[in-house]
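Q: So here's data_24.cif, just mmCIF, C-alpha atoms:
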```
data_target
#
loop_
_atom_site.group_PDB
_atom_site.id
_atom_site.type_symbol
_atom_site.label_atom_id
_atom_site.label_comp_id
_atom_site.auth_asym_id
_atom_site.auth_seq_id
_atom_site.Cartn_x
_atom_site.Cartn_y
_atom_site.Cartn_z
ATOM 1 C CA LYS A 27 5.925 -23.761 60.270
ATOM 2 C CA GLN A 28 2.281 -23.937 61.342
ATOM 3 C CA GLY A 29 2.856 -22.343 64.706
ATOM 4 C CA GLY A 30 5.436 -20.065 63.117
ATOM 5 C CA GLY A 31 7.931 -20.605 65.973
ATOM 6 C CA GLU A 32 10.781 -21.768 63.766
ATOM 7 C CA THR A 33 10.194 -19.133 61.117
ATOM 8 C CA VAL A 34 10.056 -16.350 63.723
ATOM 9 C CA GLU A 35 13.240 -17.617 65.360
ATOM 10 C CA LYS A 36 15.058 -17.912 62.009
ATOM 11 C CA ASP A 37 13.936 -14.425 60.951
ATOM 12 C CA GLU A 38 15.128 -13.013 64.278
ATOM 13 C CA MET A 39 18.495 -14.699 63.778
ATOM 14 C CA ASN A 40 18.912 -13.562 60.136
ATOM 15 C CA ILE A 41 20.923 -10.318 60.052
ATOM 16 C CA ASP A 42 19.334 -9.350 56.679
ATOM 17 C CA SER A 43 15.762 -9.802 57.983
ATOM 18 C CA ALA A 44 13.510 -6.943 59.068
ATOM 19 C CA ASP A 45 12.671 -8.991 62.191
ATOM 20 C CA PHE A 46 16.330 -9.384 63.261
ATOM 21 C CA ASN A 47 16.822 -9.429 67.053
ATOM 22 C CA ALA A 48 20.402 -8.364 67.893
ATOM 23 C CA ASP A 49 20.252 -9.354 71.613
ATOM 24 C CA ARG A 50 19.000 -12.840 70.836
ATOM 25 C CA TYR A 51 21.601 -13.237 68.060
ATOM 26 C CA VAL A 52 24.511 -12.258 70.365
ATOM 27 C CA THR A 53 23.174 -14.440 73.192
ATOM 28 C CA ASN A 54 22.921 -17.388 70.790
ATOM 29 C CA LEU A 55 26.497 -16.840 69.519
ATOM 30 C CA LEU A 56 27.933 -16.593 73.045
ATOM 31 C CA GLN A 57 26.067 -19.683 74.159
ATOM 32 C CA TYR A 58 26.919 -22.035 71.258
ATOM 33 C CA LYS A 59 30.214 -20.797 69.743
ATOM 34 C CA SER A 60 33.790 -21.127 70.937
ATOM 35 C CA LEU A 61 36.107 -18.165 71.465
ATOM 36 C CA GLU A 62 37.926 -18.880 68.205
ATOM 37 C CA GLU A 63 34.625 -19.060 66.256
ATOM 38 C CA LEU A 64 33.497 -15.795 67.886
ATOM 39 C CA VAL A 65 36.721 -14.044 66.838
ATOM 40 C CA GLN A 66 36.334 -15.386 63.272
ATOM 41 C CA ARG A 67 32.701 -14.274 63.189
ATOM 42 C CA GLY A 68 33.708 -10.839 64.539
ATOM 43 C CA ASN A 69 36.416 -10.441 61.876
ATOM 44 C CA ALA A 70 33.970 -11.557 59.162
ATOM 45 C CA MET A 71 31.434 -9.007 60.413
ATOM 46 C CA VAL A 72 34.048 -6.222 60.411
ATOM 47 C CA SER A 73 34.925 -7.149 56.816
ATOM 48 C CA GLU A 74 31.225 -7.196 55.838
ATOM 49 C CA ILE A 75 30.680 -3.812 57.548
ATOM 50 C CA LYS A 76 33.620 -2.275 55.656
ATOM 51 C CA SER A 77 32.339 -3.708 52.360
ATOM 52 C CA LEU A 78 28.811 -2.431 53.010
ATOM 53 C CA ASP A 79 30.180 0.959 54.071
ATOM 54 C CA SER A 80 32.216 1.163 50.853
ATOM 55 C CA ASP A 81 29.171 0.162 48.773
ATOM 56 C CA MET A 82 27.046 2.764 50.561
ATOM 57 C CA GLN A 83 29.641 5.507 49.959
ATOM 58 C CA MET A 84 29.792 4.552 46.278
ATOM 59 C CA LEU A 85 25.989 4.717 45.978
ATOM 60 C CA VAL A 86 25.894 8.094 47.727
ATOM 61 C CA TYR A 87 28.609 9.428 45.404
ATOM 62 C CA GLU A 88 26.849 8.124 42.268
ATOM 63 C CA ASN A 89 23.479 9.514 43.345
ATOM 64 C CA TYR A 90 25.076 12.844 44.284
ATOM 65 C CA ASN A 91 26.616 13.098 40.797
ATOM 66 C CA LYS A 92 23.254 12.258 39.231
ATOM 67 C CA PHE A 93 21.590 14.886 41.395
ATOM 68 C CA ILE A 94 24.152 17.544 40.385
ATOM 69 C CA SER A 95 23.770 16.607 36.716
ATOM 70 C CA ALA A 96 19.962 16.778 36.969
ATOM 71 C CA THR A 97 20.194 20.168 38.682
ATOM 72 C CA ASP A 98 22.443 21.502 35.898
ATOM 73 C CA THR A 99 20.067 20.138 33.259
ATOM 74 C CA ILE A 100 17.046 21.757 34.930
ATOM 75 C CA ARG A 101 18.896 25.077 35.220
ATOM 76 C CA ALA A 102 19.839 24.974 31.518
ATOM 77 C CA MET A 103 16.266 24.100 30.525
ATOM 78 C CA LYS A 104 14.950 26.986 32.642
ATOM 79 C CA HIS A 105 17.214 29.459 30.834
ATOM 80 C CA ARG A 106 16.142 28.099 27.434
ATOM 81 C CA VAL A 107 12.464 28.311 28.351
ATOM 82 C CA GLU A 108 12.853 31.881 29.612
ATOM 83 C CA GLY A 109 14.461 32.863 26.312
ATOM 84 C CA MET A 110 11.754 31.070 24.369
ATOM 85 C CA GLU A 111 8.978 32.954 26.167
ATOM 86 C CA GLY A 112 10.244 36.266 24.796
ATOM 87 C CA GLN A 113 10.623 34.790 21.329
ATOM 88 C CA MET A 114 7.104 33.330 21.476
ATOM 89 C CA GLU A 115 5.668 36.710 22.498
ATOM 90 C CA GLN A 116 7.510 38.397 19.617
ATOM 91 C CA LEU A 117 6.306 35.691 17.223
ATOM 92 C CA GLU A 118 2.719 36.167 18.415
ATOM 93 C CA LYS A 119 2.969 39.938 17.838
ATOM 94 C CA THR A 120 4.422 39.374 14.378
ATOM 95 C CA PHE A 121 1.630 36.977 13.447
ATOM 96 C CA GLY A 122 -0.907 39.546 14.660
ATOM 97 C CA GLN A 123 0.669 42.185 12.433
ATOM 98 C CA ILE A 124 0.726 39.800 9.472
ATOM 99 C CA SER A 125 -2.939 39.007 10.047
ATOM 100 C CA SER A 126 -3.848 42.705 10.158
ATOM 101 C CA VAL A 127 -1.927 43.440 6.952
ATOM 102 C CA SER A 128 -3.500 40.411 5.279
ATOM 103 C CA ASP A 129 -6.996 41.582 6.262
ATOM 104 C CA GLY A 130 -6.222 45.036 4.845
ATOM 105 C CA VAL A 131 -4.934 43.594 1.574
ATOM 106 C CA ASN A 132 -7.976 41.317 1.278
ATOM 107 C CA SER A 133 -10.396 44.201 1.859
ATOM 108 C CA SER A 134 -8.652 46.452 -0.680
ATOM 109 C CA PHE A 135 -8.580 43.647 -3.242
ATOM 110 C CA SER A 136 -12.215 42.714 -2.652
ATOM 111 C CA THR A 137 -13.437 45.949 -4.286
ATOM 112 C CA ARG A 138 -10.928 45.534 -7.089
ATOM 113 C CA ARG A 139 -11.823 41.870 -7.394
ATOM 114 C CA SER A 140 -15.491 42.716 -8.033
ATOM 115 C CA GLN A 141 -14.423 45.335 -10.595
ATOM 116 C CA LEU A 142 -12.169 42.757 -12.272
ATOM 117 C CA GLU A 143 -15.007 40.259 -12.388
ATOM 118 C CA LYS A 144 -17.258 42.871 -14.040
ATOM 119 C CA LEU A 145 -14.529 43.722 -16.542
ATOM 120 C CA ASN A 146 -13.989 40.054 -17.262
ATOM 121 C CA GLY A 147 -17.727 39.686 -17.968
ATOM 122 C CA VAL A 148 -17.567 42.701 -20.295
ATOM 123 C CA LYS A 149 -14.550 41.171 -22.077
ATOM 124 C CA LYS A 150 -16.420 37.894 -22.626
ATOM 125 C CA ASN A 151 -19.423 39.794 -23.976
ATOM 126 C CA LEU A 152 -17.162 41.802 -26.309
ATOM 127 C CA ALA A 153 -15.571 38.576 -27.576
ATOM 128 C CA LYS A 154 -19.051 37.173 -28.301
ATOM 129 C CA LEU A 155 -20.051 40.403 -30.014
ATOM 130 C CA GLN A 156 -16.886 40.338 -32.122
ATOM 131 C CA PHE A 157 -17.591 36.701 -33.042
ATOM 132 C CA LEU A 158 -21.126 37.644 -34.124
ATOM 133 C CA MET A 159 -19.925 40.686 -36.093
ATOM 134 C CA GLN A 160 -17.369 38.542 -37.965
ATOM 135 C CA LEU A 161 -19.789 35.631 -38.458
ATOM 136 C CA PRO A 162 -20.982 36.393 -42.015
ATOM 137 C CA SER A 163 -17.444 36.899 -43.355
ATOM 138 C CA ARG A 164 -16.168 33.818 -41.469
ATOM 139 C CA LEU A 165 -19.000 31.653 -42.807
ATOM 140 C CA GLN A 166 -18.394 32.905 -46.372
ATOM 141 C CA GLN A 167 -14.645 32.128 -46.044
ATOM 142 C CA CYS A 168 -15.387 28.583 -44.783
ATOM 143 C CA VAL A 169 -17.831 27.956 -47.668
ATOM 144 C CA ASN A 170 -15.379 29.371 -50.237
ATOM 145 C CA ASP A 171 -12.575 27.151 -48.844
ATOM 146 C CA GLY A 172 -14.843 24.074 -48.742
ATOM 147 C CA HIS A 173 -14.766 23.786 -44.933
ATOM 148 C CA TYR A 174 -18.464 23.067 -44.624
ATOM 149 C CA GLU A 175 -18.234 21.272 -41.247
ATOM 150 C CA LEU A 176 -16.481 24.255 -39.689
ATOM 151 C CA ALA A 177 -19.097 26.579 -41.172
ATOM 152 C CA VAL A 178 -21.901 24.472 -39.639
ATOM 153 C CA LYS A 179 -20.134 24.384 -36.280
ATOM 154 C CA CYS A 180 -19.683 28.195 -36.224
ATOM 155 C CA TYR A 181 -23.276 28.751 -37.290
ATOM 156 C CA ARG A 182 -24.636 26.426 -34.551
ATOM 157 C CA LYS A 183 -22.587 28.247 -31.948
ATOM 158 C CA ALA A 184 -23.792 31.638 -33.255
ATOM 159 C CA ARG A 185 -27.481 30.607 -33.497
ATOM 160 C CA ARG A 186 -27.817 30.430 -29.684
ATOM 161 C CA MET A 187 -26.266 33.871 -29.324
ATOM 162 C CA LEU A 188 -28.291 35.338 -32.213
ATOM 163 C CA SER A 189 -31.548 34.061 -30.747
ATOM 164 C CA ALA A 190 -30.648 35.751 -27.432
ATOM 165 C CA VAL A 191 -30.218 39.124 -29.173
ATOM 166 C CA ALA A 192 -32.881 38.689 -31.857
ATOM 167 C CA HIS A 193 -34.876 41.625 -30.479
ATOM 168 C CA VAL A 194 -32.000 44.058 -31.288
ATOM 169 C CA ALA A 195 -32.387 45.492 -34.810
ATOM 170 C CA SER A 196 -28.640 45.688 -35.588
ATOM 171 C CA PHE A 197 -28.340 41.896 -35.339
ATOM 172 C CA GLU A 198 -31.168 41.187 -37.790
ATOM 173 C CA GLY A 199 -28.829 41.859 -40.735
ATOM 174 C CA ILE A 200 -26.188 39.463 -39.327
ATOM 175 C CA THR A 201 -28.858 36.807 -38.741
ATOM 176 C CA SER A 202 -30.337 37.030 -42.258
ATOM 177 C CA GLU A 203 -26.928 37.253 -44.022
ATOM 178 C CA SER A 204 -25.633 34.214 -42.049
ATOM 179 C CA ALA A 205 -28.785 32.200 -42.855
ATOM 180 C CA THR A 206 -28.410 33.055 -46.581
ATOM 181 C CA ILE A 207 -24.757 31.904 -46.623
ATOM 182 C CA MET A 208 -25.629 28.654 -44.824
ATOM 183 C CA ARG A 209 -28.352 27.857 -47.384
#
```
If you convert what's in this file into structure tokens, what do you get?
A:
Amino acid sequence: KQGGGETVEKDEMNIDSADFNADRYVTNLLQYKSLEELVQRGNAMVSEIKSLDSDMQMLVYENYNKFISATDTIRAMKHRVEGMEGQMEQLEKTFGQISSVSDGVNSSFSTRRSQLEKLNGVKKNLAKLQFLMQLPSRLQQCVNDGHYELAVKCYRKARRMLSAVAHVASFEGITSESATIMR
């Protein structure tokens, strides 16, 4: 094997090798084989050729069917994609319209939203004012019913509000009347 002579000769004599040498193979067969062995080898080769030819035809047929199937699949996918492009464009337009309408609604509600927030602030102030206006009668009712803890709680809550509006003359009467009841 070092010189490679045997390996080269064996590869040249092997029909399945890439280095196969047909002339050398035939010369070797004619030189060392009898007529009967040559006929047997010829028949065996014809049988092998037919088998290989049949295998090759089968492979070609199978690959052709796969190719046709792949072509049909690609054609079907192309039609689906073409249909989807139109749908995607329509969807994009629809989303644009929705976005425009949403922006319009948000802008119209933003002015109303600020008005609602102002009204909500006014409502809270009115509720506080109503609480302060009812404070003397509520405190008197709690004292009469013996609910002293509730009276103290209401008065503490009202004291912070009364101190905030102490400069307004109309609340001076509420402040003094509430203080008298709490004493």
Q: Between atom CA of Met187 of chain A and atom CA of Gly147 of chain A, what is the spacing in Å?
A: 15.4 Å
Q: Could you pull the residues within 8 Å of segment 205-209 of chain A, counting all atoms listed in the file, minus those fewer than 2 positions along the same chain, as a PDB file with C-alpha atoms, in the coordinates of the input?
A:
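Below is the file that was written, result.pdb:
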```pdb
ATOM      1  CA  PRO A 162     -20.982  36.393 -42.015  1.00  0.00           C
ATOM      2  CA  LEU A 165     -19.000  31.653 -42.807  1.00  0.00           C
ATOM      3  CA  GLN A 166     -18.394  32.905 -46.372  1.00  0.00           C
ATOM      4  CA  ALA A 177     -19.097  26.579 -41.172  1.00  0.00           C
ATOM      5  CA  VAL A 178     -21.901  24.472 -39.639  1.00  0.00           C
ATOM      6  CA  TYR A 181     -23.276  28.751 -37.290  1.00  0.00           C
ATOM      7  CA  THR A 201     -28.858  36.807 -38.741  1.00  0.00           C
ATOM      8  CA  SER A 202     -30.337  37.030 -42.258  1.00  0.00           C
ATOM      9  CA  GLU A 203     -26.928  37.253 -44.022  1.00  0.00           C
TER      10      GLU A 203
END
```
Q: Have a look at atom CA of Glu38 of chain A and atom CA of Tyr51 of chain A and let me know their distance in Å, one decimal.
A: 7.5 Å
Q: Quote the spacing between atom CA of Ala153 of chain A and atom CA of Ala192 of chain A in Å to one decimal place.
A: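 A separation of 17.8 Å between them.
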Q: Please report, as JSON, the centre and edge lengths in Å to one decimal of an axis-aligned box covering all listed atoms of segment 69-78 of chain A with 8 Å per side.
A:
```
{"center_x": 32.6, "center_y": -6.9, "center_z": 57.1, "size_x": 23.6, "size_y": 25.3, "size_z": 25.5}
```
Q: Residue by residue, what does the PyMOL selection byres ((chain A and resi 52) around 12) grab here? Present the result as a ChimeraX atom specification.
A: /A:38-41,46-51,53-59,64,67-68
